[in-house]
file input.cif (mmCIF, C-alpha atoms)
data_my_file
loop_
_atom_site.label_atom_id
_atom_site.label_comp_id
_atom_site.auth_asym_id
_atom_site.auth_seq_id
_atom_site.Cartn_x
_atom_site.Cartn_y
_atom_site.Cartn_z
CA MET Q 26 14.64 -7.42 28.64
CA PRO Q 27 12.52 -7.87 25.53
CA ALA Q 28 12.81 -11.14 23.70
CA PHE Q 29 13.88 -9.34 20.53
CA ALA Q 30 16.81 -7.55 22.14
CA VAL Q 31 19.39 -10.24 21.48
CA PRO Q 32 19.03 -10.57 17.67
CA LEU Q 33 19.29 -6.79 17.29
CA ILE Q 34 23.08 -7.14 17.35
CA GLY Q 35 22.84 -7.88 13.61
CA TRP Q 36 20.55 -6.47 10.97
CA ILE Q 37 17.17 -8.16 10.69
CA PRO Q 38 15.28 -7.35 7.47
CA LEU Q 39 11.80 -5.89 7.95
CA ILE Q 40 12.54 -5.14 11.61
CA ASN Q 41 15.63 -2.96 11.46
CA PRO Q 42 15.72 -0.13 8.90
CA LEU Q 43 17.62 -0.69 5.68
CA TYR Q 44 19.36 2.67 6.01
CA SER Q 45 21.07 1.49 9.19
CA GLN Q 46 22.71 -1.25 7.15
CA VAL Q 47 23.28 0.54 3.83
CA PRO Q 48 24.97 3.93 4.24
CA HIS Q 49 24.35 6.77 1.78
CA LEU Q 50 20.92 5.46 0.88
CA THR Q 51 19.09 8.72 1.52
CA PRO Q 52 20.01 10.49 -1.77
CA TRP Q 53 18.31 7.67 -3.68
CA TRP Q 54 14.99 8.08 -1.92
CA ILE Q 55 13.29 9.47 -5.02
CA LEU Q 56 13.67 6.08 -6.74
CA LEU Q 57 11.15 4.67 -4.30
CA ILE Q 58 8.46 6.60 -6.15
CA PHE Q 59 8.54 4.14 -9.07
CA PRO Q 60 7.45 0.93 -7.29
CA LEU Q 61 4.99 2.96 -5.25
CA VAL Q 62 3.29 4.43 -8.30
CA LEU Q 63 3.39 1.11 -10.14
CA LEU Q 64 1.73 -0.81 -7.30
CA ILE Q 65 -0.90 1.87 -6.73
CA SER Q 66 -1.69 1.87 -10.46
CA LEU Q 67 -1.88 -1.92 -10.48
CA VAL Q 68 -4.39 -2.04 -7.63
CA TYR Q 69 -6.42 0.82 -9.09
CA LYS Q 70 -6.61 -0.69 -12.54
CA THR Q 71 -7.51 -4.08 -11.09
CA VAL Q 72 -10.31 -2.51 -9.08
CA ARG Q 73 -11.58 -0.85 -12.24
CA SER Q 74 -11.42 -4.11 -14.20
CA PRO Q 75 -14.26 -6.47 -13.24
CA GLU Q 76 -12.50 -9.54 -14.57
CA GLY Q 77 -8.94 -8.51 -13.86
CA GLN Q 78 -7.99 -9.11 -17.48
CA ASN Q 79 -5.58 -7.11 -19.63
CA ILE Q 80 -4.38 -4.75 -16.94
CA LEU Q 81 -0.65 -4.76 -17.64
CA LEU Q 82 -0.49 -2.09 -20.31
CA PRO Q 83 -3.13 0.17 -18.70
CA THR Q 84 -1.18 -0.09 -15.44
CA ILE Q 85 2.08 0.95 -17.06
CA TRP Q 86 0.42 3.76 -18.99
CA PHE Q 87 -1.36 4.99 -15.86
CA SER Q 88 1.94 4.96 -13.94
CA ILE Q 89 3.62 7.03 -16.63
CA ARG Q 90 0.76 9.52 -16.54
CA ILE Q 91 0.96 9.83 -12.76
CA LEU Q 92 4.71 10.40 -12.89
CA PHE Q 93 4.32 12.93 -15.68
CA TYR Q 94 1.71 14.95 -13.83
CA MET Q 95 3.70 14.77 -10.61
CA ALA Q 96 6.71 16.13 -12.47
CA ILE Q 97 4.62 18.97 -13.93
CA ILE Q 98 3.23 19.84 -10.50
CA SER Q 99 6.66 19.75 -8.91
CA ILE Q 100 8.10 22.04 -11.58
CA ALA Q 101 5.20 24.45 -11.14
CA LEU Q 102 5.66 24.48 -7.36
CA GLN Q 103 9.39 25.05 -7.79
CA VAL Q 104 8.73 28.04 -10.04
CA LEU Q 105 6.14 29.37 -7.60
CA TYR Q 106 8.60 28.96 -4.74
CA HIS Q 107 11.27 30.95 -6.55
CA VAL Q 108 8.83 33.70 -7.52
CA VAL Q 109 7.47 34.05 -4.00
CA THR Q 110 10.88 34.03 -2.34
CA ARG Q 111 12.22 36.56 -4.82
CA LEU Q 112 9.25 38.89 -4.29
CA SER Q 113 9.43 38.53 -0.53
CA THR Q 114 13.14 39.38 -0.43
CA THR Q 115 12.92 42.32 -2.87
CA PRO Q 116 13.01 45.66 -0.98
CA LEU Q 117 10.06 47.91 -1.63
CA MET G 23 -19.79 -16.40 -38.04
CA PRO G 24 -18.50 -18.65 -35.28
CA ILE G 25 -20.53 -18.84 -32.13
CA THR G 26 -18.47 -17.85 -29.12
CA ASP G 27 -19.20 -18.71 -25.56
CA ASN G 28 -19.81 -15.48 -23.68
CA SER G 29 -21.18 -17.12 -20.59
CA GLU G 30 -18.04 -16.16 -18.66
CA SER G 31 -18.55 -12.46 -19.26
CA ILE G 32 -22.20 -12.31 -18.31
CA GLN G 33 -21.94 -14.33 -15.16
CA PRO G 34 -22.20 -12.47 -11.88
CA ARG G 35 -18.91 -11.66 -10.27
CA VAL G 36 -19.88 -13.55 -7.11
CA SER G 37 -21.92 -16.57 -6.33
CA VAL G 38 -25.55 -15.80 -5.73
CA GLY G 39 -25.45 -17.30 -2.30
CA GLY G 40 -22.68 -14.96 -1.24
CA SER G 41 -24.85 -11.92 -0.79
CA LYS G 42 -27.64 -13.83 0.91
CA SER G 43 -25.90 -16.00 3.44
CA GLY G 44 -23.57 -13.51 5.00
CA MET G 45 -20.57 -15.24 3.49
CA GLY G 46 -19.78 -12.03 1.69
CA TYR G 47 -19.48 -10.11 4.93
CA ILE G 48 -17.16 -12.75 6.31
CA ALA G 49 -15.12 -12.26 3.14
CA ILE G 50 -14.94 -8.53 3.86
CA ALA G 51 -13.63 -9.20 7.37
CA VAL G 52 -11.10 -11.69 6.05
CA GLY G 53 -10.23 -9.23 3.29
CA TRP G 54 -9.28 -6.68 5.90
CA LEU G 55 -7.20 -9.17 7.86
CA ILE G 56 -5.48 -10.60 4.77
CA PRO G 57 -5.53 -8.13 1.88
CA GLY G 58 -6.88 -9.82 -1.24
CA ALA G 59 -8.21 -12.87 0.57
CA GLY G 60 -11.76 -11.54 0.45
CA HIS G 61 -11.77 -11.62 -3.34
CA LEU G 62 -10.29 -15.11 -3.27
CA ILE G 63 -13.11 -16.26 -1.02
CA MET G 64 -15.65 -14.74 -3.39
CA GLY G 65 -14.17 -16.66 -6.29
CA GLN G 66 -12.28 -13.82 -7.96
CA ARG G 67 -8.95 -15.56 -7.99
CA LYS G 68 -7.02 -13.39 -10.38
CA ARG G 69 -8.05 -10.11 -8.80
CA GLY G 70 -7.53 -11.55 -5.34
CA VAL G 71 -4.01 -12.67 -6.12
CA ILE G 72 -3.15 -9.27 -7.63
CA PHE G 73 -4.48 -7.44 -4.56
CA LEU G 74 -2.74 -9.85 -2.22
CA VAL G 75 0.63 -9.55 -3.91
CA ALA G 76 0.48 -5.80 -4.53
CA ILE G 77 -0.61 -4.70 -1.06
CA HIS G 78 1.71 -7.08 0.75
CA THR G 79 4.60 -6.00 -1.48
CA LEU G 80 3.92 -2.33 -0.76
CA PHE G 81 3.67 -2.88 2.97
CA PHE G 82 6.77 -5.04 3.20
CA MET G 83 8.78 -2.66 1.05
CA GLY G 84 7.98 -0.01 3.65
CA LEU G 85 9.11 -2.36 6.38
CA LEU G 86 12.27 -3.18 4.44
CA VAL G 87 13.24 0.47 4.11
CA GLY G 88 12.16 1.75 7.51
CA GLY G 89 11.87 -1.38 9.63
CA VAL G 90 9.13 -1.67 12.19
CA ARG G 91 9.90 1.93 13.19
CA ALA G 92 7.76 2.88 10.19
CA LEU G 93 4.70 1.58 12.05
CA ASP G 94 2.63 3.14 14.78
CA ARG G 95 4.63 6.34 14.99
CA PRO G 96 3.78 8.32 18.10
CA ARG G 97 3.16 11.70 16.49
CA GLN G 98 1.68 10.46 13.21
CA ARG G 99 -1.62 8.98 14.23
CA LEU G 100 -3.26 9.39 10.82
CA TRP G 101 -0.61 7.22 9.22
CA THR G 102 -1.10 4.69 12.00
CA TYR G 103 -4.83 4.48 11.36
CA SER G 104 -4.30 3.94 7.66
CA GLN G 105 -1.61 1.35 8.37
CA TYR G 106 -4.07 -0.62 10.45
CA MET G 107 -6.24 -0.95 7.34
CA ALA G 108 -3.55 -3.27 5.95
CA GLY G 109 -4.59 -6.03 8.34
CA TRP G 110 -2.31 -8.70 9.72
CA PRO G 111 1.03 -7.18 8.67
CA MET G 112 0.25 -4.14 10.75
CA LEU G 113 -1.14 -6.12 13.66
CA ALA G 114 2.00 -8.24 13.80
CA GLY G 115 4.33 -5.36 13.03
CA ALA G 116 2.90 -3.12 15.74
CA GLN G 117 3.43 -5.85 18.31
CA ILE G 118 7.04 -6.33 17.23
CA ARG G 119 7.62 -2.60 17.12
CA GLY G 120 6.41 -2.21 20.69
CA ARG G 121 8.97 -4.75 21.85
CA VAL G 122 11.93 -3.80 19.68
CA TYR G 123 11.53 -0.04 19.46
CA PRO G 124 9.51 1.29 22.38
CA ALA G 125 8.50 4.95 22.33
CA ASP G 126 11.62 6.08 24.21
CA ALA G 127 14.07 4.04 22.11
CA PRO G 128 16.97 5.99 20.56
CA HIS G 129 17.28 6.41 16.83
CA PRO G 130 19.01 3.56 15.00
CA VAL G 131 22.46 3.89 13.52
CA GLY G 132 22.50 6.16 10.48
CA PHE G 133 19.00 7.47 11.14
CA SER G 134 17.44 8.98 8.03
CA PRO G 135 14.26 11.00 8.72
CA LEU G 136 13.49 11.20 5.01
CA LEU G 137 13.62 7.47 4.39
CA GLN G 138 11.71 6.89 7.60
CA GLU G 139 8.92 9.14 6.33
CA VAL G 140 8.86 7.36 2.97
CA ALA G 141 8.66 4.00 4.69
CA THR G 142 5.80 5.19 6.86
CA ALA G 143 3.99 6.42 3.76
CA TYR G 144 4.53 3.08 2.02
CA CYS G 145 2.88 1.16 4.86
CA GLY G 146 0.11 3.75 5.18
CA LEU G 147 -0.64 3.68 1.47
CA ALA G 148 -0.82 -0.10 1.59
CA GLY G 149 -3.57 0.28 4.16
CA MET G 150 -5.37 2.86 2.04
CA LEU G 151 -5.20 0.56 -0.97
CA ASN G 152 -6.69 -2.22 1.10
CA LEU G 153 -9.51 0.14 2.03
CA LEU G 154 -10.09 0.69 -1.69
CA VAL G 155 -10.05 -3.05 -2.24
CA LEU G 156 -12.49 -3.59 0.61
CA THR G 157 -14.80 -0.99 -0.90
CA ASP G 158 -14.69 -2.89 -4.18
CA LEU G 159 -15.36 -6.13 -2.30
CA PHE G 160 -18.33 -4.54 -0.56
CA MET G 161 -19.73 -3.57 -3.97
CA VAL G 162 -19.18 -7.12 -5.16
CA VAL G 163 -20.91 -8.60 -2.14
CA THR G 164 -23.92 -6.31 -2.16
CA GLN G 165 -24.62 -6.26 -5.88
CA GLU G 166 -27.48 -8.37 -7.11
CA PRO G 167 -26.68 -10.80 -9.92
CA PRO G 168 -28.08 -9.94 -13.34
CA LEU G 169 -31.30 -11.64 -14.31
#

call {"tool": "encode", "arguments": {"input": "input.cif", "output": "structure tokens"}}
result
Amino acid sequence: MPAFAVPLIGWIPLINPLYSQVPHLTPWWILLIFPLVLLISLVYKTVRSPEGQNILLPTIWFSIRILFYMAIISIALQVLYHVVTRLSTTPL
Amino acid sequence: MPITDNSESIQPRVSVGGSKSGMGYIAIAVGWLIPGAGHLIMGQRKRGVIFLVAIHTLFFMGLLVGGVRALDRPRQRLWTYSQYMAGWPMLAGAQIRGRVYPADAPHPVGFSPLLQEVATAYCGLAGMLNLLVLTDLFMVVTQEPPL
């Protein structure tokens, strides 16, 4: 029996999934995009800044831009999806 | 007009000896193992701390949401490769995952495929960011200081 089998009776953070402990978490998955974008922007802006100075505002602004463009792309794909499905289901 | 000290801004980003002695390449190896540590070794404390905190936070948020099941997924090898770029968290996590959730283990209670995918992406993106950081570190190590 593995050594980790006994503590699995309870929930262990970082080892057991959070969704097994917190029910109805799935509908909120989209909120995970915000820390993801923020951290990616932070690393990117730090890489671009040789001294690592004054990166807070550029990071926030870059995050907003990423989210904005992602929203635009998602809306465009949604429209495309509806157009294609409507055309494909329309009888000739 | 007051005379300002601009010596900080024109100094090389690394010590001169770093690119000559091979210390820089050790920093790259350490930077893979511990994200951000390479920059700390090369004297870039602020950037190193930012990289260290950001990449570890991203990886451990993925672990928090998806647990160690987010790592080393059998049918998602590309994510696994990118996760290994995150260094020690992945090395340790993959070992734990192999013991706690072997390949034939059943799904946990309340299994959520969507959140599991997001968690896998979090850990994979942490590895990709560390690859970006290592690329930056390589540029730092190999660049010649200004005359």

call {"tool": "resolve_selection", "arguments": {"input": "input.cif", "expression": "the PyMOL selection byres ((chain G and resi 154) around 12)", "output": "PyMOL selection string"}}
result
(chain Q and resi 65+68-73) or (chain G and resi 50+53-54+57-58+73+77+104+107-108+147-153+155-161)

call {"tool": "write_last_selection", "arguments": {"input": "input.cif", "atoms": "C-alpha atoms", "output": "PDB file, in the coordinates of the input"}}
result
ATOM      1  CA  ILE Q  65      -0.900   1.870  -6.730  1.00  0.00           C
ATOM      2  CA  VAL Q  68      -4.390  -2.040  -7.630  1.00  0.00           C
ATOM      3  CA  TYR Q  69      -6.420   0.820  -9.090  1.00  0.00           C
ATOM      4  CA  LYS Q  70      -6.610  -0.690 -12.540  1.00  0.00           C
ATOM      5  CA  THR Q  71      -7.510  -4.080 -11.090  1.00  0.00           C
ATOM      6  CA  VAL Q  72     -10.310  -2.510  -9.080  1.00  0.00           C
ATOM      7  CA  ARG Q  73     -11.580  -0.850 -12.240  1.00  0.00           C
TER       8      ARG Q  73
ATOM      9  CA  ILE G  50     -14.940  -8.530   3.860  1.00  0.00           C
ATOM     10  CA  GLY G  53     -10.230  -9.230   3.290  1.00  0.00           C
ATOM     11  CA  TRP G  54      -9.280  -6.680   5.900  1.00  0.00           C
ATOM     12  CA  PRO G  57      -5.530  -8.130   1.880  1.00  0.00           C
ATOM     13  CA  GLY G  58      -6.880  -9.820  -1.240  1.00  0.00           C
ATOM     14  CA  PHE G  73      -4.480  -7.440  -4.560  1.00  0.00           C
ATOM     15  CA  ILE G  77      -0.610  -4.700  -1.060  1.00  0.00           C
ATOM     16  CA  SER G 104      -4.300   3.940   7.660  1.00  0.00           C
ATOM     17  CA  MET G 107      -6.240  -0.950   7.340  1.00  0.00           C
ATOM     18  CA  ALA G 108      -3.550  -3.270   5.950  1.00  0.00           C
ATOM     19  CA  LEU G 147      -0.640   3.680   1.470  1.00  0.00           C
ATOM     20  CA  ALA G 148      -0.820  -0.100   1.590  1.00  0.00           C
ATOM     21  CA  GLY G 149      -3.570   0.280   4.160  1.00  0.00           C
ATOM     22  CA  MET G 150      -5.370   2.860   2.040  1.00  0.00           C
ATOM     23  CA  LEU G 151      -5.200   0.560  -0.970  1.00  0.00           C
ATOM     24  CA  ASN G 152      -6.690  -2.220   1.100  1.00  0.00           C
ATOM     25  CA  LEU G 153      -9.510   0.140   2.030  1.00  0.00           C
ATOM     26  CA  VAL G 155     -10.050  -3.050  -2.240  1.00  0.00           C
ATOM     27  CA  LEU G 156     -12.490  -3.590   0.610  1.00  0.00           C
ATOM     28  CA  THR G 157     -14.800  -0.990  -0.900  1.00  0.00           C
ATOM     29  CA  ASP G 158     -14.690  -2.890  -4.180  1.00  0.00           C
ATOM     30  CA  LEU G 159     -15.360  -6.130  -2.300  1.00  0.00           C
ATOM     31  CA  PHE G 160     -18.330  -4.540  -0.560  1.00  0.00           C
ATOM     32  CA  MET G 161     -19.730  -3.570  -3.970  1.00  0.00           C
TER      33      MET G 161
END

call {"tool": "interface_residues", "arguments": {"input": "input.cif", "of": "chain G", "to": "chain Q", "cutoff": "7 Å", "atoms": "all atoms listed in the file", "output": "number ranges by chain"}}
result
G: 68-69, 73, 76, 82, 85-90, 121-122, 130-134, 137, 155, 158

call {"tool": "atom_distance", "arguments": {"input": "input.cif", "atom1": "CA of Ile56 in chain G", "atom2": "CA of Gly44 in chain G"}}
result
18.3 Å

call {"tool": "atom_distance", "arguments": {"input": "input.cif", "atom1": "CA of Ile118 in chain G", "atom2": "CA of Ile63 in chain G"}}
result
28.9 Å

call {"tool": "residues_around", "arguments": {"input": "input.cif", "residues": "Pro96 in chain G", "least_positions_apart": "3", "cutoff": "9 Å", "atoms": "all atoms listed in the file", "output": "NGL selection string"}}
result
:G and (99 or 102 or 125)

call {"tool": "write_last_selection", "arguments": {"input": "input.cif", "atoms": "C-alpha atoms", "output": "PDB file, in the frame of the given file"}}
result
ATOM      1  CA  ARG G  99      -1.620   8.980  14.230  1.00  0.00           C
ATOM      2  CA  THR G 102      -1.100   4.690  12.000  1.00  0.00           C
ATOM      3  CA  ALA G 125       8.500   4.950  22.330  1.00  0.00           C
TER       4      ALA G 125
END

call {"tool": "closest_residue", "arguments": {"input": "input.cif", "among": "Q:Ile100, Q:Leu56, Q:Trp36, Q:Val62", "to": "Thr84 in chain Q", "atoms": "only C-alpha atoms"}}
result
Q:Val62

call {"tool": "atom_distance", "arguments": {"input": "input.cif", "atom1": "CA of Gly70 in chain G", "atom2": "CA of Met45 in chain G"}}
result
16.2 Å

call {"tool": "resolve_selection", "arguments": {"input": "input.cif", "expression": "the PyMOL selection byres ((chain G and resi 93) around 8)", "output": "PyMOL selection string"}}
result
chain G and resi 90-92+94-95+102+105+112+115-116+119+142+145

call {"tool": "build_atoms", "arguments": {"input": "input.cif", "residues": "range 43-79 of chain G", "atoms": "N, CA and C atoms", "output": "PDB file, in the frame of the given file"}}
result
ATOM      1  N   SER G  43     -26.195 -15.204   2.254  1.00  0.00           N
ATOM      2  CA  SER G  43     -25.900 -16.000   3.440  1.00  0.00           C
ATOM      3  C   SER G  43     -24.991 -15.316   4.432  1.00  0.00           C
ATOM      4  N   GLY G  44     -24.515 -14.167   4.112  1.00  0.00           N
ATOM      5  CA  GLY G  44     -23.570 -13.510   5.000  1.00  0.00           C
ATOM      6  C   GLY G  44     -22.140 -13.916   4.755  1.00  0.00           C
ATOM      7  N   MET G  45     -21.938 -14.836   3.825  1.00  0.00           N
ATOM      8  CA  MET G  45     -20.570 -15.240   3.490  1.00  0.00           C
ATOM      9  C   MET G  45     -19.768 -14.060   2.960  1.00  0.00           C
ATOM     10  N   GLY G  46     -20.468 -13.188   2.239  1.00  0.00           N
ATOM     11  CA  GLY G  46     -19.780 -12.030   1.690  1.00  0.00           C
ATOM     12  C   GLY G  46     -19.221 -11.127   2.765  1.00  0.00           C
ATOM     13  N   TYR G  47     -19.956 -10.987   3.866  1.00  0.00           N
ATOM     14  CA  TYR G  47     -19.480 -10.110   4.930  1.00  0.00           C
ATOM     15  C   TYR G  47     -18.326 -10.748   5.693  1.00  0.00           C
ATOM     16  N   ILE G  48     -18.331 -12.064   5.753  1.00  0.00           N
ATOM     17  CA  ILE G  48     -17.160 -12.750   6.310  1.00  0.00           C
ATOM     18  C   ILE G  48     -15.954 -12.507   5.405  1.00  0.00           C
ATOM     19  N   ALA G  49     -16.215 -12.518   4.096  1.00  0.00           N
ATOM     20  CA  ALA G  49     -15.120 -12.260   3.140  1.00  0.00           C
ATOM     21  C   ALA G  49     -14.556 -10.865   3.325  1.00  0.00           C
ATOM     22  N   ILE G  50     -15.420  -9.895   3.634  1.00  0.00           N
ATOM     23  CA  ILE G  50     -14.940  -8.530   3.860  1.00  0.00           C
ATOM     24  C   ILE G  50     -14.029  -8.493   5.084  1.00  0.00           C
ATOM     25  N   ALA G  51     -14.458  -9.172   6.153  1.00  0.00           N
ATOM     26  CA  ALA G  51     -13.630  -9.200   7.370  1.00  0.00           C
ATOM     27  C   ALA G  51     -12.293  -9.882   7.099  1.00  0.00           C
ATOM     28  N   VAL G  52     -12.348 -11.000   6.379  1.00  0.00           N
ATOM     29  CA  VAL G  52     -11.100 -11.690   6.050  1.00  0.00           C
ATOM     30  C   VAL G  52     -10.254 -10.836   5.107  1.00  0.00           C
ATOM     31  N   GLY G  53     -10.941 -10.103   4.227  1.00  0.00           N
ATOM     32  CA  GLY G  53     -10.230  -9.230   3.290  1.00  0.00           C
ATOM     33  C   GLY G  53      -9.498  -8.114   3.995  1.00  0.00           C
ATOM     34  N   TRP G  54     -10.030  -7.670   5.127  1.00  0.00           N
ATOM     35  CA  TRP G  54      -9.280  -6.680   5.900  1.00  0.00           C
ATOM     36  C   TRP G  54      -8.060  -7.340   6.558  1.00  0.00           C
ATOM     37  N   LEU G  55      -8.280  -8.515   7.120  1.00  0.00           N
ATOM     38  CA  LEU G  55      -7.200  -9.170   7.860  1.00  0.00           C
ATOM     39  C   LEU G  55      -6.079  -9.608   6.914  1.00  0.00           C
ATOM     40  N   ILE G  56      -6.456 -10.161   5.773  1.00  0.00           N
ATOM     41  CA  ILE G  56      -5.480 -10.600   4.770  1.00  0.00           C
ATOM     42  C   ILE G  56      -5.844  -9.925   3.461  1.00  0.00           C
ATOM     43  N   PRO G  57      -5.169  -8.842   3.098  1.00  0.00           N
ATOM     44  CA  PRO G  57      -5.530  -8.130   1.880  1.00  0.00           C
ATOM     45  C   PRO G  57      -5.592  -9.043   0.656  1.00  0.00           C
ATOM     46  N   GLY G  58      -6.703  -8.992  -0.049  1.00  0.00           N
ATOM     47  CA  GLY G  58      -6.880  -9.820  -1.240  1.00  0.00           C
ATOM     48  C   GLY G  58      -7.605 -11.119  -0.979  1.00  0.00           C
ATOM     49  N   ALA G  59      -7.595 -11.573   0.269  1.00  0.00           N
ATOM     50  CA  ALA G  59      -8.210 -12.870   0.570  1.00  0.00           C
ATOM     51  C   ALA G  59      -9.730 -12.819   0.410  1.00  0.00           C
ATOM     52  N   GLY G  60     -10.312 -11.652   0.608  1.00  0.00           N
ATOM     53  CA  GLY G  60     -11.760 -11.540   0.450  1.00  0.00           C
ATOM     54  C   GLY G  60     -12.195 -11.846  -0.976  1.00  0.00           C
ATOM     55  N   HIS G  61     -11.448 -11.332  -1.942  1.00  0.00           N
ATOM     56  CA  HIS G  61     -11.770 -11.620  -3.340  1.00  0.00           C
ATOM     57  C   HIS G  61     -11.546 -13.095  -3.665  1.00  0.00           C
ATOM     58  N   LEU G  62     -10.523 -13.676  -3.058  1.00  0.00           N
ATOM     59  CA  LEU G  62     -10.290 -15.110  -3.270  1.00  0.00           C
ATOM     60  C   LEU G  62     -11.463 -15.920  -2.744  1.00  0.00           C
ATOM     61  N   ILE G  63     -11.965 -15.543  -1.587  1.00  0.00           N
ATOM     62  CA  ILE G  63     -13.110 -16.260  -1.020  1.00  0.00           C
ATOM     63  C   ILE G  63     -14.324 -16.137  -1.929  1.00  0.00           C
ATOM     64  N   MET G  64     -14.490 -14.958  -2.534  1.00  0.00           N
ATOM     65  CA  MET G  64     -15.650 -14.740  -3.390  1.00  0.00           C
ATOM     66  C   MET G  64     -15.442 -15.291  -4.792  1.00  0.00           C
ATOM     67  N   GLY G  65     -14.368 -15.990  -5.014  1.00  0.00           N
ATOM     68  CA  GLY G  65     -14.170 -16.660  -6.290  1.00  0.00           C
ATOM     69  C   GLY G  65     -13.460 -15.843  -7.347  1.00  0.00           C
ATOM     70  N   GLN G  66     -12.996 -14.647  -6.987  1.00  0.00           N
ATOM     71  CA  GLN G  66     -12.280 -13.820  -7.960  1.00  0.00           C
ATOM     72  C   GLN G  66     -10.782 -14.034  -7.757  1.00  0.00           C
ATOM     73  N   ARG G  67     -10.308 -15.132  -8.298  1.00  0.00           N
ATOM     74  CA  ARG G  67      -8.950 -15.560  -7.990  1.00  0.00           C
ATOM     75  C   ARG G  67      -7.894 -14.599  -8.521  1.00  0.00           C
ATOM     76  N   LYS G  68      -8.055 -14.218  -9.777  1.00  0.00           N
ATOM     77  CA  LYS G  68      -7.020 -13.390 -10.380  1.00  0.00           C
ATOM     78  C   LYS G  68      -6.903 -12.039  -9.685  1.00  0.00           C
ATOM     79  N   ARG G  69      -8.069 -11.413  -9.476  1.00  0.00           N
ATOM     80  CA  ARG G  69      -8.050 -10.110  -8.800  1.00  0.00           C
ATOM     81  C   ARG G  69      -7.545 -10.267  -7.371  1.00  0.00           C
ATOM     82  N   GLY G  70      -7.970 -11.329  -6.717  1.00  0.00           N
ATOM     83  CA  GLY G  70      -7.530 -11.550  -5.340  1.00  0.00           C
ATOM     84  C   GLY G  70      -6.025 -11.710  -5.235  1.00  0.00           C
ATOM     85  N   VAL G  71      -5.460 -12.460  -6.153  1.00  0.00           N
ATOM     86  CA  VAL G  71      -4.010 -12.670  -6.120  1.00  0.00           C
ATOM     87  C   VAL G  71      -3.279 -11.351  -6.386  1.00  0.00           C
ATOM     88  N   ILE G  72      -3.793 -10.565  -7.336  1.00  0.00           N
ATOM     89  CA  ILE G  72      -3.150  -9.270  -7.630  1.00  0.00           C
ATOM     90  C   ILE G  72      -3.200  -8.373  -6.392  1.00  0.00           C
ATOM     91  N   PHE G  73      -4.368  -8.278  -5.760  1.00  0.00           N
ATOM     92  CA  PHE G  73      -4.480  -7.440  -4.560  1.00  0.00           C
ATOM     93  C   PHE G  73      -3.551  -7.957  -3.463  1.00  0.00           C
ATOM     94  N   LEU G  74      -3.554  -9.251  -3.285  1.00  0.00           N
ATOM     95  CA  LEU G  74      -2.740  -9.850  -2.220  1.00  0.00           C
ATOM     96  C   LEU G  74      -1.267  -9.534  -2.422  1.00  0.00           C
ATOM     97  N   VAL G  75      -0.802  -9.764  -3.633  1.00  0.00           N
ATOM     98  CA  VAL G  75       0.630  -9.550  -3.910  1.00  0.00           C
ATOM     99  C   VAL G  75       0.973  -8.066  -3.837  1.00  0.00           C
ATOM    100  N   ALA G  76       0.144  -7.219  -4.451  1.00  0.00           N
ATOM    101  CA  ALA G  76       0.480  -5.800  -4.530  1.00  0.00           C
ATOM    102  C   ALA G  76       0.493  -5.146  -3.153  1.00  0.00           C
ATOM    103  N   ILE G  77      -0.522  -5.390  -2.361  1.00  0.00           N
ATOM    104  CA  ILE G  77      -0.610  -4.700  -1.060  1.00  0.00           C
ATOM    105  C   ILE G  77       0.448  -5.232  -0.101  1.00  0.00           C
ATOM    106  N   HIS G  78       0.652  -6.544  -0.115  1.00  0.00           N
ATOM    107  CA  HIS G  78       1.710  -7.080   0.750  1.00  0.00           C
ATOM    108  C   HIS G  78       3.082  -6.571   0.314  1.00  0.00           C
ATOM    109  N   THR G  79       3.301  -6.505  -0.996  1.00  0.00           N
ATOM    110  CA  THR G  79       4.600  -6.000  -1.480  1.00  0.00           C
ATOM    111  C   THR G  79       4.817  -4.566  -1.024  1.00  0.00           C
TER     112      THR G  79
END
